[in-house]
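One file, model_14.pdb, carrying PDB, C-alpha atoms:
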ATOM      1  CA  MET A   1      -0.243  21.401   8.306
ATOM      2  CA  GLY A   2       0.521  21.750  11.973
ATOM      3  CA  THR A   3       0.534  18.652  14.081
ATOM      4  CA  GLY A   4       1.849  15.705  12.171
ATOM      5  CA  LEU A   5       0.505  13.003  14.479
ATOM      6  CA  LYS A   6      -1.870  11.759  11.755
ATOM      7  CA  TYR A   7       0.923  11.717   9.203
ATOM      8  CA  ARG A   8       2.397   8.457   7.869
ATOM      9  CA  VAL A   9       6.077   7.654   7.398
ATOM     10  CA  LEU A  10       7.525   5.226   4.843
ATOM     11  CA  VAL A  11      10.045   2.774   6.301
ATOM     12  CA  LEU A  12      12.755   1.144   4.175
ATOM     13  CA  ASN A  13      15.010  -1.747   5.108
ATOM     14  CA  ARG A  14      18.753  -1.191   4.952
ATOM     15  CA  LEU A  15      18.701  -2.256   1.279
ATOM     16  CA  TRP A  16      16.377   0.707   0.559
ATOM     17  CA  GLN A  17      13.344  -1.514  -0.057
ATOM     18  CA  PRO A  18       9.956  -0.453   1.386
ATOM     19  CA  VAL A  19       8.912  -2.659   4.288
ATOM     20  CA  ASN A  20       6.261  -0.710   6.187
ATOM     21  CA  ILE A  21       4.274   2.470   6.717
ATOM     22  CA  VAL A  22       4.153   3.685  10.314
ATOM     23  CA  GLY A  23       2.611   6.475  12.304
ATOM     24  CA  VAL A  24       4.570   9.440  13.609
ATOM     25  CA  GLN A  25       4.962   8.133  17.153
ATOM     26  CA  ARG A  26       6.414   4.829  15.930
ATOM     27  CA  ALA A  27       8.675   6.686  13.468
ATOM     28  CA  PHE A  28      10.126   8.897  16.200
ATOM     29  CA  GLY A  29      10.536   5.825  18.417
ATOM     30  CA  LEU A  30      12.642   4.124  15.736
ATOM     31  CA  LEU A  31      14.665   7.298  15.191
ATOM     32  CA  LEU A  32      15.301   8.153  18.852
ATOM     33  CA  GLN A  33      16.246   4.569  19.731
ATOM     34  CA  ASP A  34      18.763   4.677  16.857
ATOM     35  CA  HIS A  35      17.074   1.814  14.993
ATOM     36  CA  ALA A  36      16.621   4.053  11.945
ATOM     37  CA  GLN A  37      17.888   7.188  10.233
ATOM     38  CA  VAL A  38      15.955   9.812   8.329
ATOM     39  CA  ILE A  39      16.435  10.004   4.583
ATOM     40  CA  TYR A  40      16.139  13.735   3.971
ATOM     41  CA  THR A  41      14.143  14.293   0.786
ATOM     42  CA  GLY A  42      13.732  18.063   1.103
ATOM     43  CA  ASP A  43      16.396  18.932  -1.472
ATOM     44  CA  GLU A  44      16.583  15.478  -3.112
ATOM     45  CA  SER A  45      20.067  15.022  -1.685
ATOM     46  CA  PHE A  46      18.882  11.944   0.228
ATOM     47  CA  ARG A  47      21.194  12.806   3.120
ATOM     48  CA  MET A  48      21.177  10.351   5.991
ATOM     49  CA  MET A  49      20.446  11.966   9.351
ATOM     50  CA  ASN A  50      20.400  10.514  12.834
ATOM     51  CA  ALA A  51      18.096  11.858  15.565
ATOM     52  CA  ALA A  52      20.515  14.608  16.649
ATOM     53  CA  ALA A  53      21.026  15.839  13.082
ATOM     54  CA  TRP A  54      17.270  15.773  12.457
ATOM     55  CA  LEU A  55      16.548  17.831  15.572
ATOM     56  CA  GLU A  56      19.294  20.268  14.593
ATOM     57  CA  LEU A  57      17.760  20.675  11.128
ATOM     58  CA  SER A  58      14.369  21.391  12.716
ATOM     59  CA  GLN A  59      15.970  23.966  14.996
ATOM     60  CA  ASN A  60      17.963  25.686  12.238
ATOM     61  CA  GLU A  61      15.259  25.511   9.569
ATOM     62  CA  SER A  62      11.898  25.623  11.307
ATOM     63  CA  PRO A  63       9.170  23.832   9.335
ATOM     64  CA  GLU A  64       6.696  26.009   7.468
ATOM     65  CA  ASP A  65       3.024  26.020   8.428
ATOM     66  CA  ASP A  66       2.153  23.800   5.442
ATOM     67  CA  GLU A  67       4.712  21.133   6.434
ATOM     68  CA  ALA A  68       4.098  18.268   8.838
ATOM     69  CA  TYR A  69       5.621  18.880  12.240
ATOM     70  CA  VAL A  70       5.193  18.078  15.895
ATOM     71  CA  GLN A  71       5.157  21.048  18.253
ATOM     72  CA  THR A  72       7.108  20.785  21.499
ATOM     73  CA  VAL A  73       7.341  23.493  24.147
ATOM     74  CA  LYS A  74      10.374  25.063  22.475
ATOM     75  CA  LEU A  75      10.585  23.603  19.009
ATOM     76  CA  ARG A  76       8.734  22.536  15.885
ATOM     77  CA  ILE A  77      10.182  19.151  14.946
ATOM     78  CA  ARG A  78       9.819  18.131  11.336
ATOM     79  CA  VAL A  79       8.037  14.846  10.689
ATOM     80  CA  PRO A  80      10.328  12.691   8.552
ATOM     81  CA  LYS A  81       8.891  11.374   5.313
ATOM     82  CA  VAL A  82      11.134   8.326   4.951
ATOM     83  CA  LEU A  83      13.140   6.270   7.450
ATOM     84  CA  LEU A  84      15.933   3.805   6.696
ATOM     85  CA  LEU A  85      16.323   0.949   9.164
ATOM     86  CA  ARG A  86      19.912   0.411  10.303
ATOM     87  CA  SER A  87      20.056  -3.390  10.459
ATOM     88  CA  TYR A  88      16.875  -4.972   9.066
ATOM     89  CA  ASP A  89      17.540  -6.237   5.537
ATOM     90  CA  LYS A  90      14.572  -8.541   4.904
ATOM     91  CA  LEU A  91      11.241  -8.038   3.236
ATOM     92  CA  PRO A  92       8.297  -8.930   5.438
ATOM     93  CA  VAL A  93       6.776 -12.216   4.353
ATOM     94  CA  GLN A  94       3.130 -11.340   4.415
ATOM     95  CA  GLU A  95       0.573 -13.207   2.419
ATOM     96  CA  VAL A  96      -2.287 -11.124   1.154
ATOM     97  CA  ARG A  97      -5.371 -12.313   2.979
ATOM     98  CA  PHE A  98      -7.682 -14.272   0.737
ATOM     99  CA  ASN A  99     -11.005 -12.561   1.287
ATOM    100  CA  ARG A 100     -13.716 -10.682  -0.572
ATOM    101  CA  GLU A 101     -12.097  -7.251  -0.158
ATOM    102  CA  SER A 102      -8.669  -8.450  -1.340
ATOM    103  CA  ILE A 103     -10.169  -9.995  -4.474
ATOM    104  CA  PHE A 104     -12.070  -6.780  -5.230
ATOM    105  CA  GLU A 105      -8.809  -4.839  -4.760
ATOM    106  CA  ARG A 106      -6.864  -7.209  -6.993
ATOM    107  CA  ASP A 107      -9.494  -6.829  -9.715
ATOM    108  CA  ASP A 108      -9.792  -3.056  -9.190
ATOM    109  CA  TYR A 109     -13.513  -3.352  -8.351
ATOM    110  CA  ARG A 110     -14.076  -4.258 -11.999
ATOM    111  CA  CYS A 111     -16.260  -7.108 -13.201
ATOM    112  CA  GLN A 112     -13.902  -9.549 -14.887
ATOM    113  CA  TYR A 113     -16.518 -10.397 -17.511
ATOM    114  CA  CYS A 114     -18.047  -7.088 -18.646
ATOM    115  CA  GLY A 115     -15.128  -4.904 -17.542
ATOM    116  CA  ASN A 116     -17.232  -2.270 -15.768
ATOM    117  CA  HIS A 117     -16.386  -0.739 -12.388
ATOM    118  CA  PHE A 118     -18.906  -1.140  -9.571
ATOM    119  CA  GLU A 119     -19.364  -0.289  -5.929
ATOM    120  CA  PRO A 120     -18.698  -3.286  -3.636
ATOM    121  CA  VAL A 121     -22.405  -3.714  -2.893
ATOM    122  CA  SER A 122     -22.982  -4.467  -6.594
ATOM    123  CA  LEU A 123     -20.237  -7.086  -6.850
ATOM    124  CA  ASN A 124     -20.082 -10.821  -6.260
ATOM    125  CA  LEU A 125     -17.345 -13.423  -6.282
ATOM    126  CA  ASP A 126     -17.483 -15.982  -9.066
ATOM    127  CA  HIS A 127     -15.838 -19.387  -9.320
ATOM    128  CA  VAL A 128     -14.504 -19.449 -12.883
ATOM    129  CA  ILE A 129     -14.662 -23.255 -12.785
ATOM    130  CA  PRO A 130     -17.778 -23.979 -10.694
ATOM    131  CA  ARG A 131     -17.270 -25.839  -7.434
ATOM    132  CA  ASP A 132     -19.441 -28.775  -8.502
ATOM    133  CA  ARG A 133     -17.037 -29.252 -11.441
ATOM    134  CA  GLY A 134     -13.991 -29.390  -9.194
ATOM    135  CA  GLY A 135     -13.246 -25.668  -9.119
ATOM    136  CA  LYS A 136     -11.319 -24.581  -6.049
ATOM    137  CA  THR A 137     -11.858 -21.541  -3.889
ATOM    138  CA  SER A 138      -8.468 -19.981  -4.660
ATOM    139  CA  TRP A 139      -6.855 -16.842  -6.058
ATOM    140  CA  GLU A 140      -6.548 -18.584  -9.424
ATOM    141  CA  ASN A 141     -10.238 -19.549  -9.675
ATOM    142  CA  ILE A 142     -12.149 -16.676  -8.033
ATOM    143  CA  VAL A 143     -12.882 -13.402  -9.825
ATOM    144  CA  THR A 144     -14.870 -10.261  -9.198
ATOM    145  CA  SER A 145     -18.179 -10.305 -11.041
ATOM    146  CA  CYS A 146     -21.109  -7.933 -11.200
ATOM    147  CA  ILE A 147     -24.472  -9.373 -10.206
ATOM    148  CA  LYS A 148     -25.781  -9.349 -13.788
ATOM    149  CA  CYS A 149     -22.778 -11.237 -15.204
ATOM    150  CA  ASN A 150     -22.749 -13.616 -12.242
ATOM    151  CA  SER A 151     -26.404 -14.504 -12.895
ATOM    152  CA  ARG A 152     -25.794 -14.869 -16.632
ATOM    153  CA  LYS A 153     -22.840 -17.216 -16.169
ATOM    154  CA  ALA A 154     -24.662 -19.194 -13.496
ATOM    155  CA  ASN A 155     -23.155 -22.631 -12.879
ATOM    156  CA  ARG A 156     -21.329 -22.892 -16.199
ATOM    157  CA  LEU A 157     -17.819 -22.452 -17.528
ATOM    158  CA  PRO A 158     -17.265 -19.004 -19.080
ATOM    159  CA  HIS A 159     -17.129 -20.290 -22.668
ATOM    160  CA  GLN A 160     -20.390 -22.204 -22.138
ATOM    161  CA  ALA A 161     -22.058 -18.899 -21.268
ATOM    162  CA  ASN A 162     -20.296 -17.193 -24.209
ATOM    163  CA  MET A 163     -18.356 -15.053 -21.737
ATOM    164  CA  HIS A 164     -14.645 -14.282 -21.513
ATOM    165  CA  LEU A 165     -12.436 -13.143 -18.659
ATOM    166  CA  ILE A 166     -10.730  -9.791 -19.228
ATOM    167  CA  ARG A 167      -7.742 -10.975 -17.162
ATOM    168  CA  LYS A 168      -6.503 -14.312 -15.881
ATOM    169  CA  PRO A 169      -6.934 -14.486 -12.092
ATOM    170  CA  GLU A 170      -3.641 -14.752 -10.170
ATOM    171  CA  ARG A 171      -2.349 -14.477  -6.645
ATOM    172  CA  PRO A 172      -1.582 -10.766  -6.021
ATOM    173  CA  ARG A 173       2.056  -9.758  -6.269
ATOM    174  CA  TRP A 174       1.801  -6.671  -4.091
ATOM    175  CA  ARG A 175       2.664  -6.428  -0.448
ATOM    176  CA  PRO A 176      -0.349  -5.525   1.703
ATOM    177  CA  PHE A 177       0.942  -2.242   3.130
ATOM    178  CA  ILE A 178       1.817  -0.963  -0.340
ATOM    179  CA  SER A 179      -1.493  -2.062  -1.817
ATOM    180  CA  SER A 180      -3.209   0.233   0.667
ATOM    181  CA  LEU A 181      -1.614   3.187  -1.153
ATOM    182  CA  ILE A 182      -3.130   2.374  -4.544
ATOM    183  CA  GLY A 183      -5.697   5.048  -5.314
ATOM    184  CA  GLN A 184      -4.877   6.903  -2.074
ATOM    185  CA  ASP A 185      -3.075  10.152  -1.381
ATOM    186  CA  TYR A 186       0.471   9.720  -0.136
ATOM    187  CA  ASP A 187       3.585  11.871  -0.018
ATOM    188  CA  GLU A 188       4.988  12.362  -3.519
ATOM    189  CA  ASP A 189       8.545  11.999  -2.156
ATOM    190  CA  TRP A 190       7.739   8.307  -1.631
ATOM    191  CA  ASN A 191       7.792   7.872  -5.424
ATOM    192  CA  HIS A 192      11.595   7.768  -5.203
ATOM    193  CA  PHE A 193      11.308   4.511  -3.258
ATOM    194  CA  ILE A 194       8.138   2.748  -4.415
ATOM    195  CA  ASN A 195       6.654   2.003  -7.804
ATOM    196  CA  LEU A 196       2.946   1.369  -7.449
ATOM    197  CA  LYS A 197       2.491   0.494 -11.129
ATOM    198  CA  LYS A 198       5.068  -2.242 -10.798
ATOM    199  CA  LEU A 199       3.685  -3.526  -7.502
ATOM    200  CA  ALA A 200      -0.004  -3.321  -8.346
TER     201      ALA A 200
END
Can you give me the file's structure in the form of structure tokens?
Amino acid sequence: MGTGLKYRVLVLNRLWQPVNIVGVQRAFGLLLQDHAQVIYTGDESFRMMNAAAWLELSQNESPEDDEAYVQTVKLRIRVPKVLLLRSYDKLPVQEVRFNRESIFERDDYRCQYCGNHFEPVSLNLDHVIPRDRGGKTSWENIVTSCIKCNSRKANRLPHQANMHLIRKPERPRWRPFISSLIGQDYDEDWNHFINLKKLA
């Protein structure tokens, strides 16, 4: 894998809850400033290692070519997969931005009336209760709709158009940085610390 500068590192708070995903430079900054320790997942022992222990491991067991590492003049330094913060014990309070893309993500790019998946260009946002009937522009009243279903429903309530929602619209429960992993490739060792099915 060679240079690991494009690699991402999962960061946990001191209660072992995921709080962020950072780049390699930020990860090494946290480690070298002693704000975090590495959780070694290589043998599933979950050993805690400070910066000195991590460098010693890299020196004694040089990373293979297919592993993520950063090359220095004298040493290949392993890129950690997971960091544990030493003192931070909170979960970041981050609201999911209410926008078109977030609604499509929440609804899995699936029309909430016909149930079919579509590319974003073929999707619209629909007010379940139309605005002129007092419907609000909110997580609980906006759904993803394909153009055909959106036209069919028009300015009516779903039952008036003989249509039914496949799922009740709700405010997303996931944290934004974790939602970015859904459907993406990420290190399988992260599965010990996150549960995408639960958070999605």
**Request:** Would you kindly translate the PyMOL selection byres ((chain A and resi 22) around 9) into the concrete residues it picks from this file, as a ChimeraX atom specification?
**Result:** /A:7-11,20-21,23-27
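A straight line drawn from CA of Leu31 (chain A) to CA of Asn50 (chain A) is 7.0 Å long.
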**Request:** Would you kindly translate the PyMOL selection byres ((chain A and resi 17) around 9) into the concrete residues it picks from this file, as a PyMOL selection string?
**Result:** chain A and resi 11-16+18-19+84+89-91+193-194
**Complete:** Here CA of Asp187 (chain A) and CA of His117 (chain A) stand apart by 26.7 Å
**Item:** Residue nearest Pro130 (chain A) among A:Arg97, A:Asn150, A:Leu157, A:Thr41 (counting all atoms listed in the file)
**Value:**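 Among the listed residues, A:Leu157 lies closest to Pro130 (chain A).
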**Item:** Two-atom distance - CA of Tyr88 (chain A), CA of Asp189 (chain A) (Å)
**Value:**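 One can read the CA of Tyr88 (chain A) to CA of Asp189 (chain A) distance as 22.0 Å.
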**Asked** Pick the closest to Gly42 (chain A) from A:Val96, A:Leu57, A:Val121, A:Val70: which is it, counting all atoms listed in the file?
**Response**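 Looking only at the distances to Gly42 (chain A), the closest residue turns out to be A:Leu57.
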**Selection under test: the PyMOL selection byres ((chain A and resi 60-65) around 8); residues as a PyMOL selection string** = chain A and resi 1-2+56-59+66-69+76-78
Keeping C-alpha atoms, export the residues of the selection given above as a JSON list (two decimals), in the frame of the given file.
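Written output follows (selection-v9.json):
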[["chain", "number", "residue", "atom", "x", "y", "z"],
["A", 1, "MET", "CA", -0.24, 21.40, 8.31],
["A", 2, "GLY", "CA", 0.52, 21.75, 11.97],
["A", 56, "GLU", "CA", 19.29, 20.27, 14.59],
["A", 57, "LEU", "CA", 17.76, 20.68, 11.13],
["A", 58, "SER", "CA", 14.37, 21.39, 12.72],
["A", 59, "GLN", "CA", 15.97, 23.97, 15.00],
["A", 66, "ASP", "CA", 2.15, 23.80, 5.44],
["A", 67, "GLU", "CA", 4.71, 21.13, 6.43],
["A", 68, "ALA", "CA", 4.10, 18.27, 8.84],
["A", 69, "TYR", "CA", 5.62, 18.88, 12.24],
["A", 76, "ARG", "CA", 8.73, 22.54, 15.88],
["A", 77, "ILE", "CA", 10.18, 19.15, 14.95],
["A", 78, "ARG", "CA", 9.82, 18.13, 11.34]]
**Request:** Please provide as a PyMOL selection string all residues within 10 Å of Leu125 (chain A), with the sequence filter that same-chain residues fewer than 2 positions apart are discarded (counting all atoms listed in the file).
**Result:** chain A and resi 99-100+103-104+111+123+127-128+141-147+150
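Each of A:Arg171, A:Gln112, A:Lys136, A:Ala51 was compared to Lys153 (chain A) using only C-alpha atoms, and A:Gln112 turns out to be the nearest.
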